[in-house]
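This report concerns only the one structure given below.
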Amino acid sequence: MAGRAAQDRELSRGVLWVNDRRVKFGDEKYPDAQVLYAFDATTVWLTLPDGRQAMATFPYPAFYPFGAEPVVVQGWPREPGPGAATARRVTVTHGGHLSVDGRTIALGETIDGTSTEGLVGLRFDATTVWVRWRDGRRAMVTFPHPVLDPAAAGPVLVDGWRDPNYLMDSDLSPEWGDGPAASPPVPMDLDEPLNATVRPAVNWVSWPPPEETASTGDLRNGKLIIQGRVVQLGPRHGSGTVEYWTDDKTVWVRLPDGNEAIVVYPTPTFGTSGATPTLVQGWPQQPDDLAAATRSGKPDSGGQLRLDGRHVSLGAHFAAGGEVEYRYDATTVWARSPGGGTEIMVSFPFPVFDPAAAGPVVADGWSRQPDPSARFVRAALKQRTLKANNRFVRIGERYPDATVDYTVDATTVWVRWPDGRKATVTYPYPVFDPAERRPVVVEGWPQEPGEQATPARLGTISAAGQMSVDKLMVYFGQRIGGRSPRAVVAYRFDATTVWVRWRDGRKAMVTYPYPALVPAAVGPVVVDGWRDPNYLMVSDDWPEHDGGRVNPREEPVSLGPPVSAQSVAATHESAAVAEVSVGRGRRGVADDRGVVVVGEMARWREWSQASAVVVAARSSARPVVVVDAGEGLGPRSAVLSALGMVLLQFGRRRQQPLVVATGLVSEVTTVAGRYGLPVIGPDGAGPDARWQVVGPDGVVHWSARAFSMASFAVAGEVSPNAVQRADSEVLTQWLAQPDWPAAESFLRENTGDLLHPQIRQELVQLGEQDPANRLLPVFKTILDLVGENGRAVDPADSRYRAPGPSVVEPFDGVRGPLSVTFALDYLEPKPDPSHRKPWDDRLLRLMYLDPRARDRAGLLAAGVLGEQRGRVDDGRWNATVFGAVTTALGMTVEQAVEQAAKPWPVGAWGKALEDVACCEANPEHRMYWIPRMDELRDLVSVNGIPGWIDGPAPAHGQLLEVLTETLASC
C-alpha cells in the first residue's frame, strides 16, 4: 500500500468520503461498517472488519494529502482560462457546500457578509473552481494539485445562440430561473464573440447542390421518399412540400420554412433521375456470391417490399400478402414464394443496394459446424443480445435469455443453450477475429481518414472509455491527452480504423488488425444547412445536439442550425488540414502547416510571405493551395499538372480552395482560371510589387501594397462555387490515387467500371478544359492499353524487371506490344537518371516494334512528374524527344527524302527539332540518349519501320541522325 497511515472512517451504503470526495464501493458487496482506509493521489485502499479488502482507482489524480486542503478566497485573483469547463448553474447548500466533479467543496456559510446558499454560476479546471452569485459576488477555490477533470463535466444546453459563460459576467443580469431579472439575457453575436473564451462559429465550406432543376416531394413527419428510398430527416422537420437535389450519395433539401438540410450516405445510393427498375418473371440471371444471403420478408398490400431502406415493387402476384424469400446485390433483387414458387427478378439501372449493410442472418440449428478446435466461451444472453468479441450480436425474439456457450469464426457465431438448442448468426462480411487480436490505440492521427471512411457523426465515450461503433464496442483507455476520454466526440471509421476528435482538439485513432467494421451499415448523416459533415473533425465549434447526448439508437445525428454566412472560422487548423489527403503521396505536392503546397517546398518556405499566408490560412474557412511559381515555369510544367490534379480533387469534395501563387505568372492564372478560380499573389518580386486578386477572366478585383486577409475575402466572392470535377465517382477516385501503384490496384479492382465509354469521354473533356495537365492524357492512355489487352490488366508476375543501370539489355529480349504494367511502372519516379535509363531504352525499342506505342511514348514520358526534385523536368524533356522520334518515324518515304534533302528542317519536323534544342535537360540524362538513338538509327536504316515501311529506310535514318546531333548539343 503506497499511501499514508490508515485512517478510521464509516462506510455507509457502500460510500466512503475521502478528501470531501464521494468514493462509491457498492453496498451489495460491502456492508455498512467502521473501516480502515488509506489513499494516495489516485487510489483508495479499504480494509473491512472481517479482513476483506478493496481498492478504488481513479483515472486521474483525485486526492490531496492532509495539510494541503484547498484555499477559498473572495473575488477572482485570476480569470478562468480556455481549459476551464463551460459555465453552468449549480446550488450551494445551506451549510455552504458545493458539489463539483463528484467532490464536495466547503465555501463557508457566508461570503462578504451574505449567505452563500442558492444558485450560482460555476466554472472549473483541474485545480481551480470559479463561483459567481447572481448579485455579483465572486469566490475562487484553489487546490494544490490537479484533482478535478473538466472533460468529465458534460455539455451545457443553452436556449438560443448565447454564450453559456454569460453566467460568469457580473455586467449581465440573466434570468436565473428563480425570480425576475434586471434585464433580459444578452444574445450571442456570432460575428463578435462575447468574450475571449468563446470560440466563433465555423463557417465550413458551403456544399451547394448540383446545378440542375430541383425535384419536389412530400415530406411527411420528417420522412421523404426519393427513388423509392425513405430518407429520414427527423420529425422536427415536420411535413410539407420540399425541393430536393441528389447525387449518388447526397440529398440536398430546401424545407418549406426556407431552411436547408443535407443527408449524406456512406455509399452510393441514388441513380439518374427518371431511371426506373425492370421487373421480369423468372430468374434469367442467378444470384452470385456477392449477393446477400437468402432472407424472408412480407410485402405490403401493394406488393411493395421494404429492402435496405427502399420500397421495391414485386408486382401484383405478391400483393396478396404472405412471406417471400429474397436475395439481392447492388442492382438486382431475386424474390420467390416459399418452397420455390413464383420467381420475380427486379433490376435497377444503377447501384441502389449495399449487401454489406444487410446485417446478419439468424438461423435455427447449425447448418455448418464450427471448427473442431474452436474454443467455446460462456456468456450471458440478455434481451436477446449477445456480446461476442466485443460486438453486440442480436439473436432475436425466438430465443430465450440464458447463459449460453458460443464460438466464432470470421463471419459466423455459433450459439448453444443449456437445453441443447442451437442457432447460428451469419454475417455477409468478416467482422470477427477468432484469434481475438487487440486493436491499437494511439493519440493523434498518424493516418488521415481516407475515401472509404464514413461521414463524420457524433458519439459518446463513456466513463469507462468505451464507445459503440457499428455495434462494436471500441475501447479508448482511461486517458487521452492526459485527460479522461469521457465526452461527446466526433468520429469517422472505415473497415479497420476509427478516427475520433474531441471538442477540445484532442485526437485518437483505433486500428484493428482485421476488418472489424462495415461503413455501409451505419446509415446516413443529416446536417442542417448545406455543409460538409466532416467539419466536425477539424472544428472546435460544435452545435449542441440534444444537450450533448447522442441518440443511443444511432439514428441520424442533426448537427444544429446553420452558422452565419459572415462568420469566420477560428480553428487552429485550416480547412486544408481536413483535406490533408489532397495530393498526399503525389510528387510535387505536400502539406505545410495547414496549406497544400504545389511545387518546390524548400523554395516556398524561403519565400518572405510564407508565414503570413500560413497564419491567414489558419483562420480561413476554405482550404488554401499555394503554388510555387518559381524559375522555369512553362506552359507544360510539372507544377501545372500537379496543380490541376489537386484542383480536381477539391472539386470532388465540392470545395472552393483559395489559390495563392508566389508570383502572378500567366501559366498559373490560366490553369486556375480554367477551374473558375482566382489567384492571389504579388505581381512581381521587387519592392514595388503589389498584391492582387486576379479573376478567372483576368480582371484584377483587388490590389494592395501588402498581403492581407482581405484578399481571401475578395477571392471568395469571386469564386462562390465548387471547382469542376469529373461526373463519375469511380473516375474521381482513380484520379485521386496518390501514386501509380495505388492507381494500378484501383484499376484492377474497378476495371469494368473504368472501361465504360463515358469514362474516356470525361477524360477527354477534362483534358480539353486543362490542356496543361500532362497526367490526364496518361490516364486515358492506360485505359486504351487495358482495352486492347482484352479488357484486363496483364498479370503482376509478368511485369518487366529492369536490369541494373550498368547492364545493357540485348535487343532480341524485347517483345511487343506495350503492356499495361510496363506503362504503369514506367510512370513511377526513379531515384536518378541511371535508374531511368533501362526504362527509356525499352520504351524506345517498344516504340520501334509496336506501331501503337509510337503515339503513346511521349504521353507516358510527360506523365513522369517530380522525378528529380529541385532539378530540371526530365519528364518534359523526355516527352519532347519521344515526340520528335514519333514525327520522324511517322513520315512516308517521300516525306523523309524531301526533309533530308532540305538545307534546314521545316514544318512539324522543324518544330520538333526546335523543341528539343530549346528544352533544358539533365546532362547525364541527355548523355544516355546518344547510344539508344544510334541503335534506332541503324535499325531503321537497315530494316525499315515495322508496320509502316518494309525494307531499308535510309532517309529516315538521316533524320534520326540529325535529331541525335541536336539533342547532343542542346
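In the C-alpha cells, the first chain shown is A, the next is B, and so on; residue numbers restart at 1 for each chain, and ligands run from 1 in the order shown.
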
Alpha helix (DSSP H) positions in range 681-906 of chain A, given as a PyMOL selection string: chain A and resi 710-718+729-735+740-749+751-754+757-769+776-788+820-827+833-849+857-862+874-889+893-901

Selection near Gln478 in chain A, 8 Å with only C-alpha atoms, sequence-local residues under 3 positions removed, as a VMD selection string: chain A and resid 59 464 to 465 483 to 485

Coordinates-based distance that separates CA of Val665 in chain A from CA of Ala642 in chain A (Å, one decimal): 16.2 Å

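You can rank A:Arg845, A:Pro931, A:Val231, A:Arg479 by their closest distance to Arg310 in chain A using only C-alpha atoms, and at the top of that list sits A:Val231.
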
DSSP-assigned strand (DSSP E) among range 573-724 of chain A, expressed as a ChimeraX atom specification: /A:589-592,595-598,624-627,658-661,679-682,691-694,700-704

Writer output for current selection, N, CA, C and O atoms, as a short mmCIF file (atom, residue, chain, number, x, y, z; two decimals), in the first residue's frame:
data_model
loop_
_atom_site.label_atom_id
_atom_site.label_comp_id
_atom_site.auth_asym_id
_atom_site.auth_seq_id
_atom_site.Cartn_x
_atom_site.Cartn_y
_atom_site.Cartn_z
N VAL A 589 3.62 17.69 -54.47
CA VAL A 589 2.53 18.19 -53.64
C VAL A 589 2.81 17.79 -52.20
O VAL A 589 3.15 16.64 -51.94
N ALA A 590 2.67 18.72 -51.26
CA ALA A 590 2.95 18.42 -49.86
C ALA A 590 2.10 19.32 -48.98
O ALA A 590 1.51 20.30 -49.45
N ASP A 591 2.03 18.97 -47.69
CA ASP A 591 1.31 19.77 -46.72
C ASP A 591 2.30 20.52 -45.84
O ASP A 591 3.26 19.94 -45.35
N ASP A 592 2.08 21.81 -45.67
CA ASP A 592 2.95 22.61 -44.83
C ASP A 592 2.11 23.48 -43.91
O ASP A 592 1.52 24.47 -44.36
N VAL A 595 -1.48 24.25 -45.19
CA VAL A 595 -1.74 24.63 -46.57
C VAL A 595 -1.20 23.53 -47.49
O VAL A 595 -0.24 22.82 -47.14
N VAL A 596 -1.82 23.38 -48.64
CA VAL A 596 -1.37 22.42 -49.65
C VAL A 596 -0.40 23.14 -50.57
O VAL A 596 -0.77 24.12 -51.23
N VAL A 597 0.83 22.69 -50.60
CA VAL A 597 1.88 23.34 -51.38
C VAL A 597 2.13 22.53 -52.65
O VAL A 597 2.41 21.33 -52.59
N VAL A 598 2.04 23.20 -53.80
CA VAL A 598 2.32 22.60 -55.09
C VAL A 598 3.61 23.21 -55.62
O VAL A 598 3.67 24.42 -55.86
N VAL A 624 -6.58 26.25 -48.51
CA VAL A 624 -5.65 27.13 -49.21
C VAL A 624 -4.62 26.30 -49.95
O VAL A 624 -4.00 25.40 -49.37
N VAL A 625 -4.45 26.58 -51.24
CA VAL A 625 -3.45 25.93 -52.08
C VAL A 625 -2.41 26.96 -52.47
O VAL A 625 -2.76 28.03 -52.99
N VAL A 626 -1.14 26.68 -52.21
CA VAL A 626 -0.05 27.58 -52.57
C VAL A 626 0.70 26.98 -53.75
O VAL A 626 1.04 25.79 -53.74
N VAL A 627 0.95 27.80 -54.77
CA VAL A 627 1.68 27.36 -55.96
C VAL A 627 3.03 28.05 -55.98
O VAL A 627 3.11 29.29 -55.96
N LEU A 658 -8.82 28.38 -52.04
CA LEU A 658 -8.19 29.65 -52.36
C LEU A 658 -6.80 29.36 -52.90
O LEU A 658 -6.03 28.62 -52.29
N VAL A 659 -6.47 29.92 -54.07
CA VAL A 659 -5.18 29.66 -54.71
C VAL A 659 -4.28 30.87 -54.51
O VAL A 659 -4.62 32.00 -54.90
N VAL A 660 -3.13 30.64 -53.86
CA VAL A 660 -2.13 31.68 -53.64
C VAL A 660 -0.89 31.29 -54.43
O VAL A 660 -0.41 30.15 -54.31
N ALA A 661 -0.37 32.21 -55.25
CA ALA A 661 0.85 31.96 -56.02
C ALA A 661 1.96 32.86 -55.51
O ALA A 661 1.72 34.00 -55.11
N VAL A 679 -6.65 33.90 -58.55
CA VAL A 679 -5.33 33.65 -57.95
C VAL A 679 -4.94 34.88 -57.14
O VAL A 679 -5.10 36.02 -57.60
N ILE A 680 -4.41 34.64 -55.95
CA ILE A 680 -3.92 35.70 -55.07
C ILE A 680 -2.40 35.68 -55.11
O ILE A 680 -1.78 34.61 -54.95
N GLY A 681 -1.77 36.81 -55.30
CA GLY A 681 -0.32 36.82 -55.30
C GLY A 681 0.24 38.16 -55.68
O GLY A 681 -0.49 39.07 -56.12
N PRO A 682 1.57 38.34 -55.55
CA PRO A 682 2.23 39.59 -55.95
C PRO A 682 2.47 39.62 -57.45
O PRO A 682 2.73 38.58 -58.07
N TRP A 691 0.18 43.24 -54.26
CA TRP A 691 -0.62 42.01 -54.13
C TRP A 691 -1.96 42.23 -54.82
O TRP A 691 -2.60 43.27 -54.64
N GLN A 692 -2.36 41.22 -55.58
CA GLN A 692 -3.60 41.33 -56.35
C GLN A 692 -4.42 40.05 -56.26
O GLN A 692 -3.89 38.98 -55.95
N VAL A 693 -5.71 40.21 -56.53
CA VAL A 693 -6.60 39.07 -56.75
C VAL A 693 -7.02 39.13 -58.21
O VAL A 693 -7.74 40.06 -58.61
N VAL A 694 -6.55 38.18 -59.01
CA VAL A 694 -6.84 38.16 -60.44
C VAL A 694 -7.87 37.08 -60.71
O VAL A 694 -7.66 35.90 -60.41
N VAL A 700 -8.49 42.27 -62.48
CA VAL A 700 -7.93 42.47 -61.14
C VAL A 700 -9.04 42.98 -60.22
O VAL A 700 -9.57 44.08 -60.42
N HIS A 701 -9.42 42.19 -59.23
CA HIS A 701 -10.53 42.52 -58.34
C HIS A 701 -10.07 43.21 -57.05
O HIS A 701 -10.89 43.74 -56.32
N TRP A 702 -8.79 43.16 -56.76
CA TRP A 702 -8.27 43.74 -55.52
C TRP A 702 -6.78 43.98 -55.69
O TRP A 702 -6.08 43.20 -56.33
N SER A 703 -6.30 45.08 -55.14
CA SER A 703 -4.88 45.39 -55.24
C SER A 703 -4.45 46.16 -54.00
O SER A 703 -5.17 47.06 -53.54
N ALA A 704 -3.30 45.80 -53.44
CA ALA A 704 -2.77 46.47 -52.25
C ALA A 704 -1.26 46.31 -52.22
O ALA A 704 -0.70 45.44 -52.90
#

Shell around Gly303 in chain A at 7 Å using only C-alpha atoms, local window under 6 positions removed, as a list in words: Ser313, Leu314, Gly315, Ala316, Phe318 and Ala319 of chain A

Quick one: write out the picked residues with N, CA and C atoms as a CSV table (one decimal), in the first residue's frame?
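Saved to result-v4.csv:
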chain,number,residue,atom,x,y,z
A,313,SER,N,-41.1,-2.7,-55.7
A,313,SER,CA,-42.4,-3.3,-56.1
A,313,SER,C,-42.1,-4.7,-56.7
A,314,LEU,N,-42.7,-5.7,-56.2
A,314,LEU,CA,-42.6,-7.1,-56.7
A,314,LEU,C,-43.7,-7.5,-57.6
A,315,GLY,N,-44.7,-6.6,-57.8
A,315,GLY,CA,-45.8,-6.9,-58.8
A,315,GLY,C,-47.0,-7.4,-58.1
A,316,ALA,N,-48.0,-7.6,-58.9
A,316,ALA,CA,-49.4,-7.9,-58.4
A,316,ALA,C,-49.4,-9.3,-57.7
A,318,PHE,N,-47.5,-10.7,-55.7
A,318,PHE,CA,-47.1,-10.7,-54.3
A,318,PHE,C,-47.9,-9.7,-53.5
A,319,ALA,N,-48.9,-9.1,-54.1
A,319,ALA,CA,-49.7,-8.1,-53.4
A,319,ALA,C,-50.7,-8.7,-52.4

Among the residues A:Leu36, A:Ile782, A:Leu648, A:Leu640, the one that comes closest to Ser666 in chain A [using only C-alpha atoms]: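 Ranked by minimum distance to Ser666 in chain A, first place goes to A:Leu640.
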
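Nearest to Tyr30 in chain A of all the residues A:Leu11, A:Ala423, A:Val639, A:Ala917 is A:Leu11, counting only C-alpha atoms.
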
d(CA of Val489 in chain A, CA of Pro455 in chain A) in Å: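 About the pair CA of Val489 in chain A and CA of Pro455 in chain A: they are 13.7 Å apart.
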
6 Å contact set for Thr142 in chain A, only C-alpha atoms, chain neighbours under 6 positions out, as a list in words: Pro70, Val71, Thr127 and Thr128 of chain A

Restrict the selected residues to all heavy atoms and save them as a CSV table (one decimal), in the first residue's frame.
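Produced file again-v5.csv, reproduced below:
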chain,number,residue,atom,x,y,z
A,70,PRO,N,-7.8,22.7,0.0
A,70,PRO,CA,-8.0,23.8,-0.9
A,70,PRO,C,-8.1,25.1,-0.1
A,70,PRO,O,-8.5,25.2,1.0
A,70,PRO,CB,-9.3,23.5,-1.6
A,70,PRO,CG,-10.0,22.5,-0.7
A,70,PRO,CD,-8.9,21.8,0.0
A,71,VAL,N,-7.8,26.2,-0.9
A,71,VAL,CA,-7.9,27.6,-0.3
A,71,VAL,C,-9.0,28.3,-1.0
A,71,VAL,O,-9.2,28.3,-2.2
A,71,VAL,CB,-6.6,28.4,-0.6
A,71,VAL,CG1,-6.7,29.8,-0.1
A,71,VAL,CG2,-5.4,27.6,0.1
A,127,THR,N,-7.5,22.5,-11.2
A,127,THR,CA,-7.1,22.9,-9.9
A,127,THR,C,-8.0,23.9,-9.3
A,127,THR,O,-7.8,24.1,-8.0
A,127,THR,CB,-5.6,23.4,-9.9
A,127,THR,OG1,-5.6,24.6,-10.7
A,127,THR,CG2,-4.7,22.3,-10.4
A,128,THR,N,-8.8,24.6,-10.0
A,128,THR,CA,-9.5,25.8,-9.6
A,128,THR,C,-11.0,25.8,-9.9
A,128,THR,O,-11.4,25.3,-11.0
A,128,THR,CB,-8.8,27.0,-10.2
A,128,THR,OG1,-7.4,27.0,-10.0
A,128,THR,CG2,-9.4,28.3,-9.6

Minimum-distance residue to Lys471 in chain A, chosen among A:Gly118, A:Gly767, A:Gly875, A:Pro519 (using only C-alpha atoms):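 That would be A:Pro519, the residue with the smallest distance to Lys471 in chain A.
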
Residue neighbourhood Pro696 in chain A, 10 Å, only C-alpha atoms, exclusion window fewer than 3 positions, as a ChimeraX atom specification: /A:669-679,693,699-700,718-719

Who sits within 7 Å of Tyr491 in chain A, only C-alpha atoms, same chain under 4 positions skipped, as a list in words: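 Neighbouring residues, sequence-local ones excluded: Ala456, Arg457, Leu458, Val498, Trp499, Val500 and Arg501 of chain A.
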
Next, write the just-selected residues to a file, as a PDB file, in the first residue's frame, keeping C-alpha atoms as the atom set.
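So selection_16.pdb came out as:
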ATOM      1  CA  ALA A 456     -18.414  12.383 -39.540  1.00  0.00           C
ATOM      2  CA  ARG A 457     -21.019  11.921 -36.797  1.00  0.00           C
ATOM      3  CA  LEU A 458     -21.273  12.380 -33.061  1.00  0.00           C
ATOM      4  CA  VAL A 498     -11.803   4.633 -36.090  1.00  0.00           C
ATOM      5  CA  TRP A 499     -10.759   8.288 -36.058  1.00  0.00           C
ATOM      6  CA  VAL A 500     -12.010  10.323 -33.061  1.00  0.00           C
ATOM      7  CA  ARG A 501     -11.784  14.018 -32.301  1.00  0.00           C
TER       8      ARG A 501
END
